[in-house]
>>> print(open('start03.cif').read())   # mmCIF, C-alpha atoms
data_input
#
loop_
_atom_site.group_PDB
_atom_site.id
_atom_site.type_symbol
_atom_site.label_atom_id
_atom_site.label_comp_id
_atom_site.auth_asym_id
_atom_site.auth_seq_id
_atom_site.Cartn_x
_atom_site.Cartn_y
_atom_site.Cartn_z
ATOM 1 C CA MET L 1 7.787 1.791 53.370
ATOM 2 C CA LEU L 2 8.425 -0.980 50.838
ATOM 3 C CA ILE L 3 8.847 -4.668 51.658
ATOM 4 C CA VAL L 4 11.884 -6.573 50.342
ATOM 5 C CA LYS L 5 10.879 -9.559 48.219
ATOM 6 C CA LYS L 6 14.255 -10.556 46.775
ATOM 7 C CA VAL L 7 17.858 -9.372 47.211
ATOM 8 C CA LEU L 8 19.674 -9.522 43.861
ATOM 9 C CA ASN L 9 23.016 -8.263 45.173
ATOM 10 C CA ASN L 10 24.428 -5.718 47.637
ATOM 11 C CA ASN L 11 23.172 -2.802 45.550
ATOM 12 C CA VAL L 12 19.996 -4.105 43.903
ATOM 13 C CA LEU L 13 16.829 -5.625 45.320
ATOM 14 C CA VAL L 14 13.222 -6.320 44.366
ATOM 15 C CA ALA L 15 10.542 -4.907 46.688
ATOM 16 C CA SER L 16 6.756 -4.813 46.789
ATOM 17 C CA HIS L 17 5.247 -1.415 46.019
ATOM 18 C CA PRO L 18 1.674 -0.290 46.832
ATOM 19 C CA ASP L 19 1.112 1.146 43.347
ATOM 20 C CA TYR L 20 3.435 -0.821 41.042
ATOM 21 C CA ASP L 21 3.307 -4.298 42.633
ATOM 22 C CA GLU L 22 7.049 -5.055 42.313
ATOM 23 C CA VAL L 23 9.872 -2.569 41.746
ATOM 24 C CA VAL L 24 13.622 -2.900 41.322
ATOM 25 C CA LEU L 25 15.495 -0.619 43.735
ATOM 26 C CA ILE L 26 19.093 0.423 43.137
ATOM 27 C CA GLY L 27 21.403 2.114 45.632
ATOM 28 C CA LYS L 28 24.907 1.673 47.021
ATOM 29 C CA GLY L 29 24.801 -0.986 49.762
ATOM 30 C CA LEU L 30 21.002 -1.057 49.602
ATOM 31 C CA GLY L 31 20.775 -4.852 49.617
ATOM 32 C CA PHE L 32 23.534 -5.495 52.153
ATOM 33 C CA GLY L 33 22.199 -7.412 55.156
ATOM 34 C CA LYS L 34 18.624 -7.299 53.839
ATOM 35 C CA SER L 35 16.351 -10.354 53.688
ATOM 36 C CA SER L 36 12.936 -11.097 52.248
ATOM 37 C CA GLY L 37 10.265 -9.426 54.378
ATOM 38 C CA ASP L 38 12.477 -6.575 55.629
ATOM 39 C CA GLU L 39 11.299 -2.992 55.229
ATOM 40 C CA VAL L 40 13.185 -0.547 53.010
ATOM 41 C CA GLY L 41 12.510 3.140 52.455
ATOM 42 C CA ARG L 42 12.000 4.496 48.927
ATOM 43 C CA GLU L 43 14.310 7.386 49.898
ATOM 44 C CA GLN L 44 17.157 4.908 50.462
ATOM 45 C CA ALA L 45 17.242 4.008 46.775
ATOM 46 C CA GLU L 46 19.110 6.139 44.264
ATOM 47 C CA LYS L 47 16.922 4.805 41.447
ATOM 48 C CA PHE L 48 13.986 2.488 40.954
ATOM 49 C CA PHE L 49 12.051 1.089 38.035
ATOM 50 C CA VAL L 50 9.209 -1.333 37.454
ATOM 51 C CA LEU L 51 9.430 -4.769 35.848
ATOM 52 C CA LYS L 52 5.823 -5.916 35.695
ATOM 53 C CA GLU L 53 6.319 -9.167 33.810
ATOM 54 C CA GLU L 54 7.717 -12.120 35.749
ATOM 55 C CA SER L 55 9.789 -13.152 32.716
ATOM 56 C CA GLU L 56 11.441 -9.700 32.671
ATOM 57 C CA GLN L 57 12.208 -9.956 36.386
ATOM 58 C CA LYS L 58 13.896 -13.317 35.819
ATOM 59 C CA GLN L 59 15.839 -12.001 32.816
ATOM 60 C CA TYR L 60 17.049 -8.992 34.806
ATOM 61 C CA GLN L 61 18.133 -11.294 37.612
ATOM 62 C CA GLN L 62 20.070 -13.399 35.096
ATOM 63 C CA LEU L 63 21.947 -10.268 33.980
ATOM 64 C CA MET L 64 23.452 -10.152 37.462
ATOM 65 C CA HIS L 65 25.373 -13.365 36.777
ATOM 66 C CA TYR L 66 27.543 -11.865 34.033
ATOM 67 C CA ILE L 67 27.182 -8.060 34.188
ATOM 68 C CA ASP L 68 28.879 -6.135 36.979
ATOM 69 C CA GLU L 69 26.992 -3.692 39.174
ATOM 70 C CA GLY L 70 28.844 -0.687 37.761
ATOM 71 C CA PHE L 71 27.609 -1.402 34.240
ATOM 72 C CA LEU L 72 24.046 -1.936 35.491
ATOM 73 C CA ALA L 73 24.203 1.447 37.214
ATOM 74 C CA LEU L 74 25.538 3.044 34.022
ATOM 75 C CA MET L 75 22.663 1.544 32.013
ATOM 76 C CA ASN L 76 20.113 2.976 34.410
ATOM 77 C CA ASP L 77 21.703 6.385 33.776
ATOM 78 C CA VAL L 78 21.473 5.703 30.021
ATOM 79 C CA ILE L 79 17.760 4.892 30.266
ATOM 80 C CA GLU L 80 17.116 7.967 32.417
ATOM 81 C CA LEU L 81 18.902 10.051 29.775
ATOM 82 C CA ILE L 82 16.712 8.597 27.015
ATOM 83 C CA GLU L 83 13.531 9.363 28.981
ATOM 84 C CA GLU L 84 14.737 12.885 29.729
ATOM 85 C CA LYS L 85 15.567 13.673 26.100
ATOM 86 C CA LEU L 86 12.325 12.200 24.734
ATOM 87 C CA THR L 87 10.197 13.417 27.684
ATOM 88 C CA THR L 88 8.480 10.050 27.978
ATOM 89 C CA ARG L 89 8.551 6.938 30.135
ATOM 90 C CA LEU L 90 9.922 3.873 28.405
ATOM 91 C CA PHE L 91 8.366 0.445 28.718
ATOM 92 C CA GLU L 92 10.221 -1.610 31.294
ATOM 93 C CA HIS L 93 11.584 -4.310 29.004
ATOM 94 C CA ILE L 94 14.238 -1.900 27.714
ATOM 95 C CA HIS L 95 16.100 -2.320 31.027
ATOM 96 C CA VAL L 96 16.804 -5.932 30.113
ATOM 97 C CA ALA L 97 17.082 -5.715 26.316
ATOM 98 C CA LEU L 98 19.280 -2.631 25.950
ATOM 99 C CA THR L 99 21.524 -3.548 28.895
ATOM 100 C CA ASP L 100 22.180 -7.000 27.460
ATOM 101 C CA HIS L 101 22.710 -5.618 23.934
ATOM 102 C CA LEU L 102 25.199 -2.903 24.906
ATOM 103 C CA PHE L 103 27.142 -5.174 27.252
ATOM 104 C CA TYR L 104 27.899 -7.595 24.428
ATOM 105 C CA ALA L 105 28.418 -4.821 21.846
ATOM 106 C CA ILE L 106 31.089 -3.211 24.026
ATOM 107 C CA LYS L 107 32.663 -6.618 24.649
ATOM 108 C CA ARG L 108 32.925 -7.251 20.881
ATOM 109 C CA ILE L 109 34.382 -3.784 20.266
ATOM 110 C CA LYS L 110 37.087 -4.361 22.904
ATOM 111 C CA GLN L 111 37.908 -7.649 21.182
ATOM 112 C CA GLY L 112 38.295 -5.836 17.859
ATOM 113 C CA GLN L 113 35.265 -7.434 16.222
ATOM 114 C CA ALA L 114 33.422 -5.487 13.534
ATOM 115 C CA ILE L 115 29.730 -4.655 14.045
ATOM 116 C CA VAL L 116 27.805 -4.441 10.770
ATOM 117 C CA ASN L 117 24.382 -2.836 10.334
ATOM 118 C CA PRO L 118 23.040 -3.097 6.754
ATOM 119 C CA PHE L 119 19.895 -1.094 7.633
ATOM 120 C CA LEU L 120 21.556 1.938 9.224
ATOM 121 C CA LYS L 121 20.223 4.550 6.781
ATOM 122 C CA GLU L 122 16.706 3.113 6.806
ATOM 123 C CA THR L 123 16.721 3.187 10.614
ATOM 124 C CA GLU L 124 17.877 6.817 10.680
ATOM 125 C CA LEU L 125 15.152 7.867 8.240
ATOM 126 C CA ALA L 126 12.393 5.821 9.876
ATOM 127 C CA TYR L 127 13.172 6.818 13.481
ATOM 128 C CA PRO L 128 14.937 10.219 13.411
ATOM 129 C CA LYS L 129 14.205 11.184 17.050
ATOM 130 C CA GLU L 130 15.369 7.825 18.362
ATOM 131 C CA PHE L 131 18.459 7.985 16.133
ATOM 132 C CA LYS L 132 19.402 11.423 17.495
ATOM 133 C CA VAL L 133 19.094 10.214 21.088
ATOM 134 C CA ALA L 134 21.090 7.076 20.232
ATOM 135 C CA THR L 135 23.869 9.363 18.965
ATOM 136 C CA ASP L 136 23.816 11.158 22.326
ATOM 137 C CA ILE L 137 24.010 7.788 24.096
ATOM 138 C CA ARG L 138 27.149 6.952 22.116
ATOM 139 C CA GLU L 139 28.787 10.141 23.417
ATOM 140 C CA PHE L 140 27.655 9.364 26.973
ATOM 141 C CA VAL L 141 29.098 5.833 26.854
ATOM 142 C CA TYR L 142 32.371 7.153 25.407
ATOM 143 C CA GLU L 143 32.611 9.729 28.197
ATOM 144 C CA LYS L 144 31.980 7.099 30.901
ATOM 145 C CA LEU L 145 33.793 4.038 29.529
ATOM 146 C CA ASP L 146 36.226 5.436 26.949
ATOM 147 C CA VAL L 147 34.720 3.062 24.371
ATOM 148 C CA LEU L 148 33.552 4.585 21.088
ATOM 149 C CA LEU L 149 30.567 2.750 19.635
ATOM 150 C CA PRO L 150 30.582 2.604 15.794
ATOM 151 C CA ASP L 151 27.870 4.198 13.655
ATOM 152 C CA SER L 152 26.277 0.781 13.174
ATOM 153 C CA GLU L 153 25.549 0.629 16.914
ATOM 154 C CA ILE L 154 23.657 3.945 16.787
ATOM 155 C CA GLY L 155 21.141 2.215 14.529
ATOM 156 C CA PHE L 156 20.747 -0.755 16.864
ATOM 157 C CA ILE L 157 20.342 1.494 19.919
ATOM 158 C CA ALA L 158 17.717 3.537 18.039
ATOM 159 C CA LEU L 159 15.708 0.358 17.393
ATOM 160 C CA HIS L 160 15.854 -0.528 21.097
ATOM 161 C CA ILE L 161 14.673 2.985 21.981
ATOM 162 C CA HIS L 162 11.764 2.752 19.524
ATOM 163 C CA SER L 163 10.848 -0.629 21.003
ATOM 164 C CA GLY L 164 10.924 0.942 24.469
ATOM 165 C CA ILE L 165 8.671 3.815 23.360
ATOM 166 C CA THR L 166 6.071 1.802 21.458
ATOM 167 C CA ASN L 167 6.198 -1.472 23.421
ATOM 168 C CA ARG L 168 6.608 -3.299 20.122
ATOM 169 C CA SER L 169 8.959 -6.245 20.366
ATOM 170 C CA LEU L 170 12.464 -5.681 19.051
ATOM 171 C CA GLN L 171 11.854 -8.611 16.707
ATOM 172 C CA ASP L 172 8.922 -6.739 15.115
ATOM 173 C CA VAL L 173 10.851 -3.453 14.910
ATOM 174 C CA ASN L 174 13.771 -5.221 13.213
ATOM 175 C CA ALA L 175 11.409 -7.023 10.844
ATOM 176 C CA HIS L 176 9.811 -3.719 9.804
ATOM 177 C CA THR L 177 13.226 -2.199 9.040
ATOM 178 C CA ARG L 178 14.213 -5.233 6.946
ATOM 179 C CA LEU L 179 10.859 -5.076 5.134
ATOM 180 C CA ILE L 180 11.420 -1.434 4.157
ATOM 181 C CA SER L 181 14.876 -2.303 2.804
ATOM 182 C CA GLN L 182 13.366 -5.190 0.808
ATOM 183 C CA LEU L 183 10.691 -2.895 -0.657
ATOM 184 C CA VAL L 184 13.306 -0.348 -1.732
ATOM 185 C CA ASP L 185 15.287 -3.111 -3.479
ATOM 186 C CA ILE L 186 12.152 -4.141 -5.390
ATOM 187 C CA ILE L 187 11.508 -0.517 -6.399
ATOM 188 C CA GLU L 188 15.043 -0.160 -7.782
ATOM 189 C CA GLN L 189 14.759 -3.409 -9.737
ATOM 190 C CA ARG L 190 11.333 -2.728 -11.211
ATOM 191 C CA LEU L 191 11.936 0.922 -12.078
ATOM 192 C CA GLN L 192 15.542 0.225 -13.156
ATOM 193 C CA ILE L 193 16.871 3.080 -11.074
ATOM 194 C CA LYS L 194 19.441 3.527 -8.323
ATOM 195 C CA VAL L 195 17.844 5.493 -5.513
ATOM 196 C CA ASP L 196 19.978 8.226 -3.971
ATOM 197 C CA ARG L 197 19.808 7.507 -0.225
ATOM 198 C CA THR L 198 20.521 11.165 0.569
ATOM 199 C CA GLU L 199 17.741 12.572 -1.639
ATOM 200 C CA ILE L 200 14.624 14.119 -0.055
ATOM 201 C CA ASN L 201 12.167 11.913 -1.961
ATOM 202 C CA TYR L 202 13.900 8.786 -0.643
ATOM 203 C CA LEU L 203 13.519 10.154 2.876
ATOM 204 C CA ARG L 204 9.805 10.764 2.232
ATOM 205 C CA LEU L 205 9.359 7.274 0.765
ATOM 206 C CA VAL L 206 11.010 5.514 3.726
ATOM 207 C CA ARG L 207 9.015 7.550 6.235
ATOM 208 C CA HIS L 208 5.813 6.810 4.313
ATOM 209 C CA LEU L 209 6.564 3.070 4.301
ATOM 210 C CA HIS L 210 7.392 3.181 8.002
ATOM 211 C CA PHE L 211 4.114 4.902 8.903
ATOM 212 C CA ALA L 212 2.172 2.672 6.485
ATOM 213 C CA ILE L 213 3.473 -0.444 8.259
ATOM 214 C CA GLU L 214 2.505 0.982 11.653
ATOM 215 C CA ARG L 215 -0.965 1.962 10.346
ATOM 216 C CA ILE L 216 -1.508 -1.538 8.982
ATOM 217 C CA GLU L 217 -0.340 -3.158 12.230
ATOM 218 C CA ASP L 218 -2.725 -0.907 14.194
ATOM 219 C CA GLU L 219 -5.491 -1.258 11.567
ATOM 220 C CA LYS L 220 -5.758 2.521 11.091
ATOM 221 C CA TYR L 221 -6.371 2.869 7.387
ATOM 222 C CA LEU L 222 -6.245 5.824 5.003
ATOM 223 C CA ASP L 223 -9.118 7.262 2.970
ATOM 224 C CA PRO L 224 -9.446 5.125 -0.242
ATOM 225 C CA MET L 225 -9.308 8.283 -2.457
ATOM 226 C CA GLU L 226 -11.313 6.715 -5.298
ATOM 227 C CA ALA L 227 -11.168 9.734 -7.628
ATOM 228 C CA LEU L 228 -7.396 10.081 -7.275
ATOM 229 C CA LYS L 229 -6.950 6.328 -7.728
ATOM 230 C CA GLU L 230 -8.566 6.465 -11.182
ATOM 231 C CA VAL L 231 -6.314 9.367 -12.237
ATOM 232 C CA LEU L 232 -3.150 7.611 -11.044
ATOM 233 C CA GLN L 233 -4.088 4.330 -12.746
ATOM 234 C CA LYS L 234 -4.410 6.216 -16.028
ATOM 235 C CA GLU L 235 -1.504 8.669 -15.728
ATOM 236 C CA TYR L 236 1.091 6.503 -13.922
ATOM 237 C CA PRO L 237 0.257 2.846 -14.650
ATOM 238 C CA VAL L 238 3.816 1.578 -14.037
ATOM 239 C CA CYS L 239 4.039 3.181 -10.598
ATOM 240 C CA TYR L 240 0.473 2.183 -9.703
ATOM 241 C CA ASN L 241 1.046 -1.453 -10.629
ATOM 242 C CA LEU L 242 4.348 -1.449 -8.751
ATOM 243 C CA SER L 243 2.640 -0.044 -5.676
ATOM 244 C CA TRP L 244 0.315 -3.049 -5.682
ATOM 245 C CA ASN L 245 3.243 -5.434 -6.052
ATOM 246 C CA LEU L 246 4.810 -3.796 -3.000
ATOM 247 C CA ILE L 247 1.548 -4.067 -1.078
ATOM 248 C CA LYS L 248 1.398 -7.807 -1.816
ATOM 249 C CA VAL L 249 4.894 -8.172 -0.342
ATOM 250 C CA MET L 250 3.791 -6.176 2.724
ATOM 251 C CA GLN L 251 0.651 -8.301 3.100
ATOM 252 C CA GLN L 252 2.693 -11.479 3.000
ATOM 253 C CA SER L 253 5.183 -10.148 5.555
ATOM 254 C CA LEU L 254 2.666 -8.534 7.934
ATOM 255 C CA LYS L 255 0.000 -11.230 7.477
ATOM 256 C CA LYS L 256 -2.691 -8.540 7.157
ATOM 257 C CA GLN L 257 -4.936 -7.267 4.377
ATOM 258 C CA ILE L 258 -3.990 -3.812 3.096
ATOM 259 C CA PRO L 259 -6.690 -1.467 1.703
ATOM 260 C CA GLU L 260 -6.526 0.267 -1.682
ATOM 261 C CA GLY L 261 -5.909 3.676 -0.138
ATOM 262 C CA GLU L 262 -2.316 2.691 0.633
ATOM 263 C CA ALA L 263 -1.655 2.002 -3.055
ATOM 264 C CA VAL L 264 -2.758 5.529 -3.966
ATOM 265 C CA TYR L 265 -0.348 7.290 -1.632
ATOM 266 C CA LEU L 266 2.485 4.878 -2.409
ATOM 267 C CA THR L 267 2.043 5.564 -6.151
ATOM 268 C CA LEU L 268 2.623 9.287 -5.541
ATOM 269 C CA HIS L 269 5.911 8.566 -3.750
ATOM 270 C CA LEU L 270 7.056 6.230 -6.535
ATOM 271 C CA GLN L 271 6.259 8.818 -9.192
ATOM 272 C CA ARG L 272 8.423 11.388 -7.378
ATOM 273 C CA LEU L 273 11.337 8.935 -7.514
ATOM 274 C CA THR L 274 10.931 8.369 -11.272
ATOM 275 C CA GLN L 275 10.891 12.128 -11.899
ATOM 276 C CA ASN L 276 14.380 12.340 -10.422
#
>>> encode(input="start03.cif", output="structure tokens")
Amino acid sequence: MLIVKKVLNNNVLVASHPDYDEVVLIGKGLGFGKSSGDEVGREQAEKFFVLKEESEQKQYQQLMHYIDEGFLALMNDVIELIEEKLTTRLFEHIHVALTDHLFYAIKRIKQGQAIVNPFLKETELAYPKEFKVATDIREFVYEKLDVLLPDSEIGFIALHIHSGITNRSLQDVNAHTRLISQLVDIIEQRLQIKVDRTEINYLRLVRHLHFAIERIEDEKYLDPMEALKEVLQKEYPVCYNLSWNLIKVMQQSLKKQIPEGEAVYLTLHLQRLTQN
């Protein structure tokens, strides 16, 4: 049996759990007539999830003031669907962040407000699995609420999903996407080219930049490839020098030193773009 710690409303309560400390239990009428200290059976709840951080518990409780219970139940189905499709457990903060985001996105859509996402293509290329699941979520929401989320929202949902998988803050995930877009702009200016966003080498470049940023954040560096570096400096000086300019921008943004090995691999991607 679990012990009720806090009743959030008639259908949602917080209870102590022997393994997870505190859990949020959801079930029709589950909280009705319950008080702190009462016992409640796990089998009585239709769903439950863990919010380990006290700040997340408070934020979820605040959602109750402006989001109805039906939408909260729908969002728990959404998060279950994401976990099922990706065969992984998401970090708990997504219950607060994605619920809040979609509530206001749907509100703006009903009011006829446009939702713009300037980094949609970069998000799709950087996080293809998350983007595919976000597309499925759009269909699920349309089926349940008869509200069609625009393409721009697929990108935002994908970022929330990636944040939920990696436990990186949404602020960091957004910053990485903006950084990639900034780097591509610099490449176009310096090489005096217009990159075709549908071309395979652009896809490879964006994925490389995405993984490079994650490697740098995690301090997992590539082999320096000294022999190849000397060849590239001689054969492709423009691309090699540009790669170092890009690395300086990354260092400034990420506030971390970046080893020479990254410049070698980045030069190869830049050279592919110039060949096109």
>>> resolve_selection(input="start03.cif", expression="the PyMOL selection byres ((chain L and resi 214-219) around 8)", output="PyMOL selection string")
chain L and resi 210-213+220-221+254+256+258
>>> closest_residue(input="start03.cif", among="L:Val141, L:Ile200, L:Leu25, L:Leu86", to="L:Phe71", atoms="only C-alpha atoms")
L:Val141
>>> resolve_selection(input="start03.cif", expression="the PyMOL selection byres ((chain L and resi 105-114) around 12)", output="list of chain:residue names")
L:Tyr66, L:Ile67, L:Phe71, L:Leu98, L:Thr99, L:Asp100, L:His101, L:Leu102, L:Phe103, L:Tyr104, L:Ile115, L:Val116, L:Asn117, L:Arg138, L:Val141, L:Tyr142, L:Leu145, L:Asp146, L:Val147, L:Leu148, L:Leu149, L:Pro150, L:Asp151, L:Ser152, L:Glu153, L:Ile154, L:Phe156, L:Ile157
>>> atom_distance(input="start03.cif", atom1="atom CA of L:Asn10", atom2="atom CA of L:His160")
28.4 Å
>>> closest_residue(input="start03.cif", among="L:Ser55, L:Ser181, L:Thr274, L:Asn76", to="L:Asn201", atoms="all atoms listed in the file")
L:Thr274
>>> residues_around(input="start03.cif", residues="stretch 261-273 of chain L", least_positions_apart="5", cutoff="10 Å", atoms="all atoms listed in the file", output="JSON, numbers by chain")
{"L": [187, 188, 191, 193, 194, 195, 196, 199, 200, 201, 202, 204, 205, 206, 208, 209, 212, 215, 216, 221, 222, 223, 224, 225, 226, 228, 229, 230, 231, 232, 233, 236, 237, 238, 239, 240, 241, 242, 243, 244, 245, 246, 247]}
>>> atom_distance(input="start03.cif", atom1="atom CA of L:Ile94", atom2="atom CA of L:Gly33")
29.1 Å
>>> atom_distance(input="start03.cif", atom1="atom CA of L:Glu260", atom2="atom CA of L:Lys234")
15.7 Å
>>> residues_around(input="start03.cif", residues="stretch 34-50 of chain L", least_positions_apart="6", cutoff="6 Å", atoms="all atoms listed in the file", output="ChimeraX atom specification")
/L:1-6,23-27
>>> residues_around(input="start03.cif", residues="L:Glu124", least_positions_apart="6", cutoff="9 Å", atoms="only C-alpha atoms", output="PyMOL selection string")
chain L and resi 130-132+154-155+158
>>> write_last_selection(input="start03.cif", atoms="C-alpha atoms", output="short mmCIF file (atom, residue, chain, number, x, y, z; two decimals), in the coordinates of the input")
data_model
loop_
_atom_site.label_atom_id
_atom_site.label_comp_id
_atom_site.auth_asym_id
_atom_site.auth_seq_id
_atom_site.Cartn_x
_atom_site.Cartn_y
_atom_site.Cartn_z
CA GLU L 130 15.37 7.82 18.36
CA PHE L 131 18.46 7.98 16.13
CA LYS L 132 19.40 11.42 17.50
CA ILE L 154 23.66 3.94 16.79
CA GLY L 155 21.14 2.22 14.53
CA ALA L 158 17.72 3.54 18.04
#
>>> closest_residue(input="start03.cif", among="L:His65, L:His176, L:Arg168, L:Lys52", to="L:Glu122", atoms="all atoms listed in the file")
L:His176
>>> residues_around(input="start03.cif", residues="L:Ala97", least_positions_apart="6", cutoff="12 Å", atoms="only C-alpha atoms", output="JSON list (two decimals) with C-alpha atoms, keeping the file's coordinate frame")
[["chain", "number", "residue", "atom", "x", "y", "z"],
["L", 56, "GLU", "CA", 11.44, -9.70, 32.67],
["L", 57, "GLN", "CA", 12.21, -9.96, 36.39],
["L", 59, "GLN", "CA", 15.84, -12.00, 32.82],
["L", 60, "TYR", "CA", 17.05, -8.99, 34.81],
["L", 63, "LEU", "CA", 21.95, -10.27, 33.98],
["L", 75, "MET", "CA", 22.66, 1.54, 32.01],
["L", 79, "ILE", "CA", 17.76, 4.89, 30.27],
["L", 91, "PHE", "CA", 8.37, 0.44, 28.72],
["L", 103, "PHE", "CA", 27.14, -5.17, 27.25],
["L", 104, "TYR", "CA", 27.90, -7.60, 24.43],
["L", 156, "PHE", "CA", 20.75, -0.76, 16.86],
["L", 157, "ILE", "CA", 20.34, 1.49, 19.92],
["L", 159, "LEU", "CA", 15.71, 0.36, 17.39],
["L", 160, "HIS", "CA", 15.85, -0.53, 21.10],
["L", 161, "ILE", "CA", 14.67, 2.98, 21.98],
["L", 163, "SER", "CA", 10.85, -0.63, 21.00],
["L", 164, "GLY", "CA", 10.92, 0.94, 24.47],
["L", 169, "SER", "CA", 8.96, -6.24, 20.37],
["L", 170, "LEU", "CA", 12.46, -5.68, 19.05],
["L", 171, "GLN", "CA", 11.85, -8.61, 16.71]]
>>> closest_residue(input="start03.cif", among="L:Ser253, L:Gln62, L:Asn167, L:Thr177", to="L:Leu90", atoms="all atoms listed in the file")
L:Asn167
>>> closest_residue(input="start03.cif", among="L:Phe140, L:Tyr20, L:Phe119, L:Phe32", to="L:Arg178", atoms="all atoms listed in the file")
L:Phe119
